[in-house]
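Student: My structure is in data_3.json, and what it holds is JSON, C-alpha atoms:
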[["chain", "number", "residue", "atom", "x", "y", "z"],
["A", 146, "MET", "CA", -75.73, 25.85, -69.93],
["A", 147, "SER", "CA", -74.93, 25.54, -73.65],
["A", 148, "GLN", "CA", -75.21, 22.17, -75.36],
["A", 149, "ASP", "CA", -71.41, 22.04, -75.61],
["A", 150, "THR", "CA", -71.05, 22.70, -71.89],
["A", 151, "ALA", "CA", -73.72, 20.16, -71.05],
["A", 152, "ALA", "CA", -72.00, 17.54, -73.17],
["A", 153, "LYS", "CA", -68.64, 18.36, -71.58],
["A", 154, "ALA", "CA", -70.09, 18.11, -68.08],
["A", 155, "LYS", "CA", -71.49, 14.69, -68.87],
["A", 156, "ASN", "CA", -68.18, 13.50, -70.25],
["A", 157, "ASP", "CA", -66.45, 14.68, -67.10],
["A", 158, "ASP", "CA", -68.69, 12.59, -64.88],
["A", 159, "VAL", "CA", -67.61, 9.26, -63.43],
["A", 160, "THR", "CA", -70.17, 6.80, -62.13],
["A", 161, "LEU", "CA", -68.72, 4.91, -59.20],
["A", 162, "GLU", "CA", -70.15, 1.69, -57.84],
["A", 163, "ILE", "CA", -68.39, 1.10, -54.55],
["A", 164, "ALA", "CA", -68.46, -1.93, -52.27],
["A", 165, "THR", "CA", -68.25, -0.83, -48.63],
["A", 166, "PRO", "CA", -68.41, -2.62, -45.26],
["A", 167, "ASN", "CA", -71.95, -1.27, -44.90],
["A", 168, "GLY", "CA", -73.22, -2.25, -48.32],
["A", 169, "SER", "CA", -72.82, -0.95, -51.83],
["A", 170, "PHE", "CA", -72.86, 2.70, -52.88],
["A", 171, "LYS", "CA", -73.51, 4.20, -56.30],
["A", 172, "GLY", "CA", -72.89, 7.83, -57.17],
["A", 173, "VAL", "CA", -71.87, 10.19, -59.95],
["A", 174, "PHE", "CA", -68.86, 12.43, -59.43],
["A", 175, "GLU", "CA", -67.05, 14.96, -61.56],
["A", 176, "ASN", "CA", -63.66, 13.61, -62.51],
["A", 177, "SER", "CA", -62.06, 16.71, -60.97],
["A", 178, "ASN", "CA", -63.10, 15.47, -57.51],
["A", 179, "SER", "CA", -60.29, 14.16, -55.36],
["A", 180, "VAL", "CA", -60.35, 10.58, -54.14],
["A", 181, "ALA", "CA", -60.48, 11.92, -50.58],
["A", 182, "ALA", "CA", -63.63, 13.88, -51.41],
["A", 183, "VAL", "CA", -65.28, 10.76, -52.79],
["A", 184, "ILE", "CA", -64.29, 8.77, -49.70],
["A", 185, "ALA", "CA", -65.79, 11.46, -47.45],
["A", 186, "VAL", "CA", -69.10, 11.31, -49.32],
["A", 187, "VAL", "CA", -69.28, 7.53, -49.18],
["A", 188, "VAL", "CA", -68.28, 7.32, -45.50],
["A", 189, "ALA", "CA", -71.02, 9.79, -44.62],
["A", 190, "ASP", "CA", -73.64, 8.17, -46.83],
["A", 191, "LYS", "CA", -73.00, 4.64, -45.55],
["A", 192, "GLY", "CA", -72.69, 5.67, -41.92],
["A", 193, "LEU", "CA", -69.13, 4.41, -41.57],
["A", 194, "ASP", "CA", -67.05, 5.44, -38.59],
["A", 195, "LYS", "CA", -65.33, 8.72, -39.43],
["A", 196, "LYS", "CA", -62.56, 7.90, -36.96],
["A", 197, "ASP", "CA", -61.34, 5.17, -39.32],
["A", 198, "THR", "CA", -59.12, 5.93, -42.28],
["A", 199, "PHE", "CA", -60.34, 4.45, -45.53],
["A", 200, "GLU", "CA", -58.85, 3.85, -48.94],
["A", 201, "LEU", "CA", -60.43, 3.29, -52.32],
["A", 202, "ILE", "CA", -59.26, 0.24, -54.24],
["A", 203, "TYR", "CA", -59.49, -0.09, -58.01],
["A", 204, "GLN", "CA", -58.36, -3.27, -59.74],
["A", 205, "GLY", "CA", -56.39, -4.35, -56.68],
["A", 206, "SER", "CA", -54.54, -1.09, -56.14],
["A", 207, "ALA", "CA", -55.21, 1.70, -53.66],
["A", 208, "LEU", "CA", -55.89, 5.09, -55.25],
["A", 209, "LEU", "CA", -53.08, 6.97, -53.54],
["A", 210, "PRO", "CA", -52.35, 9.71, -52.82],
["A", 211, "ASP", "CA", -55.99, 10.41, -52.18],
["A", 212, "THR", "CA", -55.49, 14.11, -52.81],
["A", 213, "ASN", "CA", -55.27, 13.28, -56.50],
["A", 214, "THR", "CA", -58.32, 13.56, -58.73],
["A", 215, "LEU", "CA", -60.36, 10.73, -60.20],
["A", 216, "LYS", "CA", -59.21, 11.87, -63.63],
["A", 217, "SER", "CA", -55.55, 11.50, -62.66],
["A", 218, "PHE", "CA", -56.15, 7.79, -62.08],
["A", 219, "GLY", "CA", -57.73, 7.46, -65.51],
["A", 220, "LEU", "CA", -61.21, 6.84, -64.13],
["A", 221, "HIS", "CA", -64.02, 7.55, -66.54],
["A", 222, "GLY", "CA", -67.38, 6.08, -67.45],
["A", 223, "THR", "CA", -68.61, 3.58, -64.88],
["A", 224, "LYS", "CA", -66.17, 1.91, -62.54],
["A", 225, "LYS", "CA", -66.48, -0.61, -59.71],
["A", 226, "LEU", "CA", -64.32, 0.06, -56.65],
["A", 227, "THR", "CA", -63.96, -1.12, -53.09],
["A", 228, "LEU", "CA", -63.74, 0.99, -49.94],
["A", 229, "VAL", "CA", -61.77, -0.61, -47.11],
["A", 230, "ALA", "CA", -60.21, 0.52, -43.88],
["A", 231, "GLN", "CA", -56.53, 1.20, -44.40],
["A", 232, "GLY", "CA", -54.15, -1.55, -43.41],
["A", 233, "THR", "CA", -51.28, -3.65, -44.66],
["A", 234, "GLY", "CA", -51.41, -6.61, -42.33],
["A", 235, "VAL", "CA", -49.06, -7.21, -39.45],
["B", 104, "MET", "CA", -83.11, -19.40, -27.77],
["B", 105, "ALA", "CA", -80.37, -17.81, -29.86],
["B", 106, "THR", "CA", -77.05, -17.10, -28.20],
["B", 107, "ALA", "CA", -75.48, -13.64, -28.17],
["B", 108, "SER", "CA", -73.02, -14.77, -30.82],
["B", 109, "GLU", "CA", -75.81, -16.06, -33.04],
["B", 110, "LEU", "CA", -77.64, -12.74, -32.80],
["B", 111, "VAL", "CA", -74.55, -10.72, -33.70],
["B", 112, "VAL", "CA", -73.66, -13.00, -36.58],
["B", 113, "ALA", "CA", -77.22, -12.93, -37.91],
["B", 114, "GLU", "CA", -77.14, -9.14, -37.93],
["B", 115, "GLU", "CA", -73.75, -8.96, -39.63],
["B", 116, "LEU", "CA", -74.54, -11.63, -42.19],
["B", 117, "ALA", "CA", -77.19, -9.43, -43.81],
["B", 118, "PRO", "CA", -74.72, -6.94, -45.36],
["B", 119, "LEU", "CA", -72.29, -9.76, -46.09],
["B", 120, "ARG", "CA", -74.97, -11.62, -48.08],
["B", 121, "ALA", "CA", -75.73, -8.50, -50.10],
["B", 122, "GLN", "CA", -72.06, -7.83, -50.72],
["B", 123, "ALA", "CA", -71.46, -11.43, -51.77],
["B", 124, "VAL", "CA", -74.15, -11.20, -54.42],
["B", 125, "TRP", "CA", -72.88, -7.84, -55.64],
["B", 126, "MET", "CA", -69.23, -8.93, -55.75],
["B", 127, "GLY", "CA", -69.84, -12.42, -57.14],
["B", 128, "TRP", "CA", -68.53, -14.18, -54.04],
["B", 129, "VAL", "CA", -69.56, -17.63, -52.92],
["B", 130, "LEU", "CA", -71.30, -17.61, -49.54],
["B", 131, "LYS", "CA", -72.67, -20.78, -47.97],
["B", 132, "GLU", "CA", -74.04, -20.54, -44.47],
["B", 133, "VAL", "CA", -73.60, -23.68, -42.40],
["B", 134, "GLY", "CA", -75.60, -23.21, -39.23],
["B", 135, "PRO", "CA", -75.87, -19.95, -37.31],
["B", 136, "LEU", "CA", -72.15, -19.48, -36.59],
["B", 137, "LYS", "CA", -70.25, -20.88, -39.54],
["B", 138, "PHE", "CA", -70.00, -20.08, -43.20],
["B", 139, "LEU", "CA", -67.92, -20.80, -46.27],
["B", 140, "LEU", "CA", -66.73, -17.83, -48.30],
["B", 141, "GLY", "CA", -65.21, -18.00, -51.79],
["B", 142, "LEU", "CA", -63.28, -14.99, -53.05],
["B", 143, "PRO", "CA", -61.79, -14.39, -56.50],
["B", 144, "ALA", "CA", -58.06, -13.75, -56.78],
["B", 145, "SER", "CA", -55.87, -11.96, -59.28],
["B", 146, "ASP", "CA", -54.53, -15.26, -60.64],
["B", 147, "ASP", "CA", -58.07, -15.98, -61.89],
["B", 148, "SER", "CA", -58.57, -18.69, -59.28],
["B", 149, "ARG", "CA", -60.83, -18.60, -56.26],
["B", 150, "PHE", "CA", -59.84, -19.04, -52.63],
["B", 151, "PHE", "CA", -62.16, -20.36, -49.94],
["B", 152, "LEU", "CA", -62.33, -19.63, -46.25],
["B", 153, "TRP", "CA", -64.10, -21.57, -43.55],
["B", 154, "VAL", "CA", -65.24, -19.01, -41.00],
["B", 155, "ASP", "CA", -66.11, -20.08, -37.47],
["B", 156, "CYS", "CA", -67.80, -17.34, -35.45],
["B", 157, "THR", "CA", -68.15, -19.29, -32.20],
["B", 158, "GLY", "CA", -67.73, -16.78, -29.36],
["B", 159, "TYR", "CA", -68.08, -13.78, -31.70],
["B", 160, "ALA", "CA", -67.88, -10.88, -31.03],
["B", 161, "THR", "CA", -66.25, -11.40, -27.63],
["B", 162, "THR", "CA", -63.50, -13.09, -29.60],
["B", 163, "PRO", "CA", -62.86, -12.68, -33.32],
["B", 164, "PRO", "CA", -63.87, -15.30, -35.87],
["B", 165, "ALA", "CA", -61.45, -17.98, -37.04],
["B", 166, "TRP", "CA", -60.70, -17.52, -40.77],
["B", 167, "ARG", "CA", -59.21, -20.71, -42.19],
["B", 168, "TRP", "CA", -58.22, -21.38, -45.77],
["B", 169, "CYS", "CA", -59.99, -24.44, -47.15],
["B", 170, "ASP", "CA", -61.26, -26.02, -50.35],
["B", 171, "VAL", "CA", -64.54, -25.46, -52.18],
["B", 172, "GLU", "CA", -66.27, -27.98, -49.90],
["B", 173, "GLY", "CA", -65.03, -26.34, -46.71],
["B", 174, "SER", "CA", -62.64, -29.24, -46.17],
["B", 175, "SER", "CA", -58.84, -29.51, -46.33],
["B", 176, "LEU", "CA", -58.56, -26.87, -43.63],
["B", 177, "ASP", "CA", -55.20, -25.06, -43.66],
["B", 178, "ALA", "CA", -53.92, -27.22, -46.50],
["B", 179, "PRO", "CA", -51.08, -25.58, -48.46],
["B", 180, "HIS", "CA", -52.88, -26.01, -51.79],
["B", 181, "CYS", "CA", -55.79, -23.98, -50.36],
["B", 182, "THR", "CA", -53.60, -21.24, -48.89],
["B", 183, "PRO", "CA", -52.41, -18.17, -50.80],
["B", 184, "GLU", "CA", -48.77, -17.24, -50.82],
["B", 185, "GLY", "CA", -48.16, -13.60, -50.05],
["B", 186, "SER", "CA", -47.32, -11.04, -47.42],
["B", 187, "GLY", "CA", -49.02, -8.71, -44.98],
["B", 188, "PHE", "CA", -52.41, -10.19, -44.14],
["B", 189, "LEU", "CA", -51.42, -13.26, -46.19],
["B", 190, "HIS", "CA", -48.81, -14.32, -43.65],
["B", 191, "PRO", "CA", -46.10, -16.85, -44.60],
["B", 192, "ASN", "CA", -47.26, -19.01, -41.66],
["B", 193, "GLY", "CA", -50.48, -19.67, -43.58],
["B", 194, "VAL", "CA", -52.81, -17.69, -41.36],
["B", 195, "VAL", "CA", -54.61, -14.43, -42.02],
["B", 196, "CYS", "CA", -52.54, -12.12, -39.86],
["B", 197, "ALA", "CA", -54.89, -9.59, -38.30],
["B", 198, "PRO", "CA", -56.35, -9.00, -34.82],
["B", 199, "TRP", "CA", -59.75, -9.92, -36.32],
["B", 200, "ASN", "CA", -58.60, -13.49, -36.98],
["B", 201, "ARG", "CA", -58.56, -15.79, -33.97],
["B", 202, "LEU", "CA", -55.77, -17.87, -35.53],
["B", 203, "ALA", "CA", -53.37, -14.93, -35.50],
["B", 204, "TYR", "CA", -53.04, -15.34, -31.72],
["B", 205, "SER", "CA", -50.24, -17.73, -30.84],
["B", 206, "HIS", "CA", -52.05, -19.05, -27.77],
["B", 207, "VAL", "CA", -54.91, -20.16, -30.03],
["B", 208, "ASP", "CA", -52.95, -21.53, -32.98],
["B", 209, "ALA", "CA", -49.25, -22.42, -32.99],
["B", 210, "ARG", "CA", -48.92, -20.69, -36.37],
["B", 211, "GLY", "CA", -50.29, -17.46, -34.96],
["B", 212, "PRO", "CA", -47.57, -14.81, -35.15],
["B", 213, "HIS", "CA", -48.83, -12.79, -32.21],
["B", 214, "GLY", "CA", -48.32, -13.57, -28.56],
["B", 215, "ASP", "CA", -48.35, -9.85, -27.90],
["B", 216, "TRP", "CA", -52.04, -9.26, -28.61],
["B", 217, "SER", "CA", -54.95, -9.66, -26.21],
["B", 218, "ILE", "CA", -57.74, -11.56, -27.94],
["B", 219, "GLY", "CA", -60.44, -10.05, -25.74],
["B", 220, "ASP", "CA", -59.35, -6.60, -26.81],
["B", 221, "TRP", "CA", -59.30, -7.32, -30.53],
["B", 222, "LYS", "CA", -61.66, -4.49, -31.48],
["B", 223, "ASN", "CA", -59.43, -1.94, -29.76],
["B", 224, "ASN", "CA", -56.21, -3.30, -31.25],
["B", 225, "LEU", "CA", -54.73, -0.46, -33.33],
["B", 226, "ASN", "CA", -54.19, -2.90, -36.21],
["B", 227, "THR", "CA", -57.87, -3.82, -36.39],
["B", 228, "LYS", "CA", -58.66, -0.38, -37.81],
["B", 229, "GLY", "CA", -62.13, -0.51, -39.39],
["B", 230, "CYS", "CA", -62.33, -4.28, -39.68],
["B", 231, "THR", "CA", -64.83, -4.78, -36.90],
["B", 232, "THR", "CA", -67.60, -6.49, -38.87],
["B", 233, "LEU", "CA", -67.72, -9.70, -40.88],
["B", 234, "CYS", "CA", -68.37, -7.77, -44.08],
["B", 235, "ALA", "CA", -65.43, -5.43, -43.50],
["B", 236, "MET", "CA", -63.14, -8.41, -42.88],
["B", 237, "ALA", "CA", -64.33, -10.17, -46.02],
["B", 238, "LEU", "CA", -63.82, -7.02, -48.10],
["B", 239, "ARG", "CA", -60.30, -6.65, -46.75],
["B", 240, "LEU", "CA", -59.45, -10.22, -47.76],
["B", 241, "SER", "CA", -60.99, -9.78, -51.20],
["B", 242, "VAL", "CA", -58.79, -6.72, -51.72],
["B", 243, "GLU", "CA", -55.70, -8.62, -50.57],
["B", 244, "LEU", "CA", -56.34, -11.47, -53.01],
["B", 245, "ALA", "CA", -56.76, -8.97, -55.83],
["B", 246, "GLY", "CA", -53.79, -6.82, -54.89],
["B", 247, "PRO", "CA", -50.00, -6.80, -54.96],
["B", 248, "ARG", "CA", -49.49, -8.57, -51.63],
["B", 249, "PHE", "CA", -50.85, -11.79, -53.15],
["B", 250, "ALA", "CA", -47.97, -13.58, -54.91],
["B", 251, "LYS", "CA", -50.35, -15.22, -57.40],
["B", 252, "LYS", "CA", -49.52, -18.70, -56.22],
["B", 253, "ARG", "CA", -50.43, -21.18, -53.52],
["B", 254, "LYS", "CA", -48.28, -22.45, -50.72],
["B", 255, "GLY", "CA", -48.40, -25.97, -52.05]]
Please express the file's structure as structure tokens.

Tutor:
Amino acid sequence: MSQDTAAKAKNDDVTLEIATPNGSFKGVFENSNSVAAVIAVVVADKGLDKKDTFELIYQGSALLPDTNTLKSFGLHGTKKLTLVAQGTGV
Amino acid sequence: MATASELVVAEELAPLRAQAVWMGWVLKEVGPLKFLLGLPASDDSRFFLWVDCTGYATTPPAWRWCDVEGSSLDAPHCTPEGSGFLHPNGVVCAPWNRLAYSHVDARGPHGDWSIGDWKNNLNTKGCTTLCAMALRLSVELAGPRFAKKRKG
């Protein structure tokens, strides 16, 4: 990998610190990853029930649609998010 | 000897404690089955909930809005105005809140839910632990369903 490529790869990384029902998670993702892909990694890592549908929350808003990339939501650097089971109240 | 509820709550309080530290929440445990939780809101204030886990997990906990001391239960000035989980009746409207059941609390919007079946209620979704419930409420107070004001 050239120095330019290495630098680019680093700039494309997003460090996510995510609060989950099973404790906090920290990981580095390329910003081309979809939100759904990140959720899948976190759900598996934290042993959350895969039958539940989760959403990632950033600054009070759900990152939807979750097929969009991290970059499309303007996420870069280090960000703190929350993973919760989907729901709107009833 | 600890009761079944005390054992479950003790187990579930461990991740809640860690999350509270990480998220900057206030968490004060008052005996084995009750705690006070303070959550930040998008209006830069903090809301407090008095959580009574008596009978948990056979029945869900009771989440009641209160003041910083755990007093003034259900008072309008302690209750967020909003929609969805932040029900206009002043209760957290979810199968995982005992007060959402009309046979438990007159403000409870739901006479159609079975409290003993709260974990299987389709609206419970993944909120089956104390930490998951607390996270859900923290998201609601930070999100668009909170009207950024109190009921009184």

Student: Show me, as JSON, numbers by chain, the residues that have an atom within 8 Å of segment 123-128 of chain B when counting only C-alpha atoms, minus same-chain residues fewer than 6 positions from it.

Tutor: {"A": [164, 169], "B": [140, 141, 142, 143]}

Student: Using all atoms listed in the file, find each residue in chain A having at least one atom no more than 10 Å away from chain B; report its shortest atom-to-atom pair and that distance in Å (one decimal), rows by chain then rising number, as JSON lines.

Tutor:
{"residue": "A:Ala164", "atom": "CA", "partner": "B:Gln122", "partner_atom": "CA", "distance": 7.1}
{"residue": "A:Thr165", "atom": "CA", "partner": "B:Ala235", "partner_atom": "CA", "distance": 7.4}
{"residue": "A:Pro166", "atom": "CA", "partner": "B:Ala235", "partner_atom": "CA", "distance": 4.5}
{"residue": "A:Asn167", "atom": "CA", "partner": "B:Pro118", "partner_atom": "CA", "distance": 6.3}
{"residue": "A:Gly168", "atom": "CA", "partner": "B:Pro118", "partner_atom": "CA", "distance": 5.7}
{"residue": "A:Ser169", "atom": "CA", "partner": "B:Gln122", "partner_atom": "CA", "distance": 7.0}
{"residue": "A:Leu193", "atom": "CA", "partner": "B:Gly229", "partner_atom": "CA", "distance": 8.8}
{"residue": "A:Asp194", "atom": "CA", "partner": "B:Gly229", "partner_atom": "CA", "distance": 7.8}
{"residue": "A:Lys195", "atom": "CA", "partner": "B:Gly229", "partner_atom": "CA", "distance": 9.8}
{"residue": "A:Lys196", "atom": "CA", "partner": "B:Gly229", "partner_atom": "CA", "distance": 8.8}
{"residue": "A:Asp197", "atom": "CA", "partner": "B:Gly229", "partner_atom": "CA", "distance": 5.7}
{"residue": "A:Thr198", "atom": "CA", "partner": "B:Gly229", "partner_atom": "CA", "distance": 7.7}
{"residue": "A:Phe199", "atom": "CA", "partner": "B:Gly229", "partner_atom": "CA", "distance": 8.1}
{"residue": "A:Ile202", "atom": "CA", "partner": "B:Val242", "partner_atom": "CA", "distance": 7.4}
{"residue": "A:Tyr203", "atom": "CA", "partner": "B:Val242", "partner_atom": "CA", "distance": 9.2}
{"residue": "A:Gln204", "atom": "CA", "partner": "B:Ala245", "partner_atom": "CA", "distance": 7.1}
{"residue": "A:Gly205", "atom": "CA", "partner": "B:Gly246", "partner_atom": "CA", "distance": 4.0}
{"residue": "A:Ser206", "atom": "CA", "partner": "B:Gly246", "partner_atom": "CA", "distance": 5.9}
{"residue": "A:Ala207", "atom": "CA", "partner": "B:Gly246", "partner_atom": "CA", "distance": 8.7}
{"residue": "A:Lys225", "atom": "CA", "partner": "B:Met126", "partner_atom": "CA", "distance": 9.6}
{"residue": "A:Thr227", "atom": "CA", "partner": "B:Leu238", "partner_atom": "CA", "distance": 7.7}
{"residue": "A:Leu228", "atom": "CA", "partner": "B:Leu238", "partner_atom": "CA", "distance": 8.2}
{"residue": "A:Val229", "atom": "CA", "partner": "B:Arg239", "partner_atom": "CA", "distance": 6.2}
{"residue": "A:Ala230", "atom": "CA", "partner": "B:Gly229", "partner_atom": "CA", "distance": 5.0}
{"residue": "A:Gln231", "atom": "CA", "partner": "B:Lys228", "partner_atom": "CA", "distance": 7.1}
{"residue": "A:Gly232", "atom": "CA", "partner": "B:Lys228", "partner_atom": "CA", "distance": 7.3}
{"residue": "A:Thr233", "atom": "CA", "partner": "B:Gly187", "partner_atom": "CA", "distance": 5.6}
{"residue": "A:Gly234", "atom": "CA", "partner": "B:Phe188", "partner_atom": "CA", "distance": 4.1}
{"residue": "A:Val235", "atom": "CA", "partner": "B:Gly187", "partner_atom": "CA", "distance": 5.7}

Student: Using all atoms listed in the file, which of the listed residues (B:Ile218, B:Cys181, B:Leu225, B:Cys156) sits closest to Lys254 of chain B?

Tutor: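 Using all atoms listed in the file, the shortest distance to Lys254 of chain B belongs to B:Cys181.
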
Student: Near segment 178-191 of chain A, counting all atoms listed in the file, which residues have an atom at most 7 Å away, once you skip same-chain residues fewer than 4 positions from it, shown as a PyMOL selection string?

Tutor: chain A and resi 167+174+195+211-215

Student: Atom CA of Ser217 of chain B and atom CA of Trp166 of chain B are how many Å apart?

Tutor: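 Those two atoms sit 17.5 Å apart.
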
Student: Between atom CA of Cys169 of chain B and atom CA of Gly214 of chain B, what distance in Å does the model show, to one decimal?

Tutor: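 Interatomic distance here is 24.5 Å.
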
Student: Between atom CA of Gly219 of chain B and atom CA of Val133 of chain B, measure the distance and give it in Å to one decimal.

Tutor: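 Calculated distance between atom CA of Gly219 of chain B and atom CA of Val133 of chain B is 25.2 Å.
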
Student: Just the residues within 9 Å of Arg167 of chain B, please, counting all atoms listed in the file, with nothing from its chain fewer than 3 positions along; format it as a PyMOL selection string.

Tutor: chain B and resi 151-155+176-177+182+193-195+200+202

Student: Got a sec: who's within 7 Å of Glu175 of chain A, counting all atoms listed in the file, leaving out chain neighbours fewer than 6 positions off, as a ChimeraX atom specification?

Tutor: /A:157-159

Student: Could I get segment 217-230 of chain A rebuilt with N, CA and C atoms, written as a short mmCIF file (atom, residue, chain, number, x, y, z; two decimals), in the coordinates of the input?

Tutor:
data_model
loop_
_atom_site.label_atom_id
_atom_site.label_comp_id
_atom_site.auth_asym_id
_atom_site.auth_seq_id
_atom_site.Cartn_x
_atom_site.Cartn_y
_atom_site.Cartn_z
N SER A 217 -56.98 11.81 -62.66
CA SER A 217 -55.55 11.50 -62.66
C SER A 217 -55.29 9.99 -62.60
N PHE A 218 -56.29 9.24 -62.12
CA PHE A 218 -56.15 7.79 -62.08
C PHE A 218 -56.77 7.13 -63.32
N GLY A 219 -57.18 7.98 -64.27
CA GLY A 219 -57.73 7.46 -65.51
C GLY A 219 -59.15 6.92 -65.39
N LEU A 220 -59.85 7.34 -64.33
CA LEU A 220 -61.21 6.84 -64.13
C LEU A 220 -62.20 7.62 -64.98
N HIS A 221 -62.97 6.93 -65.74
CA HIS A 221 -64.02 7.55 -66.54
C HIS A 221 -65.12 6.53 -66.77
N GLY A 222 -66.26 7.00 -67.23
CA GLY A 222 -67.38 6.08 -67.45
C GLY A 222 -67.91 5.53 -66.13
N THR A 223 -68.12 4.24 -66.10
CA THR A 223 -68.61 3.58 -64.88
C THR A 223 -67.54 2.62 -64.37
N LYS A 224 -67.23 2.74 -63.11
CA LYS A 224 -66.17 1.91 -62.54
C LYS A 224 -66.64 1.29 -61.22
N LYS A 225 -66.14 0.10 -60.95
CA LYS A 225 -66.48 -0.61 -59.71
C LYS A 225 -65.25 -0.59 -58.79
N LEU A 226 -65.43 -0.06 -57.59
CA LEU A 226 -64.32 0.06 -56.65
C LEU A 226 -64.71 -0.56 -55.31
N THR A 227 -63.72 -0.62 -54.43
CA THR A 227 -63.96 -1.12 -53.09
C THR A 227 -63.42 -0.13 -52.07
N LEU A 228 -64.18 0.12 -51.04
CA LEU A 228 -63.74 0.99 -49.94
C LEU A 228 -63.41 0.10 -48.74
N VAL A 229 -62.17 0.18 -48.29
CA VAL A 229 -61.77 -0.61 -47.11
C VAL A 229 -61.02 0.28 -46.13
N ALA A 230 -61.03 -0.16 -44.88
CA ALA A 230 -60.21 0.52 -43.88
C ALA A 230 -58.75 0.29 -44.23
#
